[in-house]
Amino acid sequence: MRLRVDLLPHGNYPDVVVIIDVLRATTTAVTYLERGADALLLTATPEIALNLRTDGSPYLLGGERGGLPIPGFDFGNSPVEAAGQNFTGKTVVMNTTNGTGAAHTAAQSGKHIFLAALTNAHAAARRARAAATEEIAIVCAGTDEHVGLEDVYAAGVLAEYLLAMGEFSIDDGARIALTVRRNGGNPLEALGSSGHGQHLTRLGLGEDVRAAAGLSTSTIVPTLTHDDAPEGTLKFTAG
């Protein structure tokens, strides 16, 4: 079994793909489902999300650009904000700067797509291992097409969990992620010292950084389904 870590999304995924955007899309996605959402629709563009908003629409919109809420959306991309809401019976449409695009890249070829964060890291690793037949690719969303320390650190956490579960051949991306994990301090130190973590703190969103640093606090793993979904969207449900 191969274990691969892509420090940025590259595509060409033959088997299981685990998407990480720890600050904040995948952390928030887990929170939406924890708070009762029936499903998440990850869109390719903000316009697709906004076009789903019609009179009587069952959808709520959550997303950001540059860390700030998108005009016309109901919510930003905040796990703290999401944790204070009740989404029972709702479908949340998400579009973010990095994470939703990474999911669309993965879905072009991957057989099984999961969303992972530090908060569900152990559960996500177990789901990935159970589904894989040849390869697990952990894909870091990054920030504006640049490598993000927080995602690489989280990838290292997942890689540690997976290596504890069995034998893998690992690539250099996995070796880098493991090195960052082992030398990056505790999760809050790693996230808080990252460039994007510092950006969010400057925006007054430091509580989101702290929330995202919680380690394996959830057993929910957002999982791509093959149910019908609106064009330009990917449907994830709790796994």
# chains A, B, ... in the order shown; residues from 1 in each chain; ligands from 1
>>> closest_atom_pairs(of="region 117-155 of chain A", to="region 7-16 of chain A", cutoff="8 Å", atoms="only C-alpha atoms", output="JSON lines")
{"residue": "A:Ala128", "atom": "CA", "partner": "A:Val16", "partner_atom": "CA", "distance": 6.5}
{"residue": "A:Ala131", "atom": "CA", "partner": "A:Val16", "partner_atom": "CA", "distance": 7.0}
{"residue": "A:Ala132", "atom": "CA", "partner": "A:Val16", "partner_atom": "CA", "distance": 5.7}
{"residue": "A:Thr133", "atom": "CA", "partner": "A:Asp15", "partner_atom": "CA", "distance": 7.1}
{"residue": "A:Glu134", "atom": "CA", "partner": "A:Asp15", "partner_atom": "CA", "distance": 6.6}
{"residue": "A:Glu135", "atom": "CA", "partner": "A:Asp15", "partner_atom": "CA", "distance": 5.7}
{"residue": "A:Ile136", "atom": "CA", "partner": "A:Val16", "partner_atom": "CA", "distance": 4.9}
{"residue": "A:Ala137", "atom": "CA", "partner": "A:Val16", "partner_atom": "CA", "distance": 6.1}
{"residue": "A:Val139", "atom": "CA", "partner": "A:Pro9", "partner_atom": "CA", "distance": 5.8}
{"residue": "A:Cys140", "atom": "CA", "partner": "A:Leu7", "partner_atom": "CA", "distance": 5.1}
{"residue": "A:Ala141", "atom": "CA", "partner": "A:Leu8", "partner_atom": "CA", "distance": 5.7}
{"residue": "A:Gly142", "atom": "CA", "partner": "A:Leu8", "partner_atom": "CA", "distance": 5.8}
{"residue": "A:Glu145", "atom": "CA", "partner": "A:Leu8", "partner_atom": "CA", "distance": 7.1}
{"residue": "A:His146", "atom": "CA", "partner": "A:Leu8", "partner_atom": "CA", "distance": 7.4}
{"residue": "A:Val147", "atom": "CA", "partner": "A:Leu7", "partner_atom": "CA", "distance": 6.0}
{"residue": "A:Gly148", "atom": "CA", "partner": "A:Leu7", "partner_atom": "CA", "distance": 7.9}
{"residue": "A:Asp151", "atom": "CA", "partner": "A:Leu7", "partner_atom": "CA", "distance": 8.0}
{"residue": "A:Val152", "atom": "CA", "partner": "A:Leu7", "partner_atom": "CA", "distance": 6.5}
>>> select_by_dssp(residues="region 41-174 of chain A", states="strand (DSSP E or B)", output="number ranges by chain")
A: 41-43, 59-65, 68-69, 75, 91-95, 112-116, 135-140, 143, 146, 169-170
>>> atom_distance(atom1="CA of Met1 (chain A)", atom2="CA of Leu23 (chain A)")
28.9 Å
>>> residues_around(residues="region 231-234 of chain A", least_positions_apart="4", cutoff="8 Å", atoms="only C-alpha atoms", output="ChimeraX atom specification")
/A:40-44,48,104,224-225
>>> closest_residue(among="A:Asp171, A:Arg65, A:Gly99, A:Ala159", to="Ile19 (chain A)", atoms="only C-alpha atoms")
A:Gly99
>>> closest_residue(among="A:Asn77, A:Arg129, A:Lys235, A:Arg35", to="Phe168 (chain A)", atoms="only C-alpha atoms")
A:Arg129
>>> closest_residue(among="A:Thr223, A:Arg181, A:Thr97, A:Pro69", to="Ile113 (chain A)", atoms="only C-alpha atoms")
A:Thr223
>>> closest_residue(among="A:Ala190, A:Gln108, A:Glu34, A:Leu162", to="Arg127 (chain A)", atoms="only C-alpha atoms")
A:Leu162
>>> atom_distance(atom1="CA of Ser194 (chain A)", atom2="CA of Arg182 (chain A)")
15.5 Å
>>> residues_around(residues="Asn186 (chain A)", least_positions_apart="6", cutoff="12 Å", atoms="only C-alpha atoms", output="list in words")
Leu118, Glu150, Tyr153, Ala154, Val157, Val180, Gly192, Ser193, Arg210, Ala213, Gly214 and Leu215 of chain A
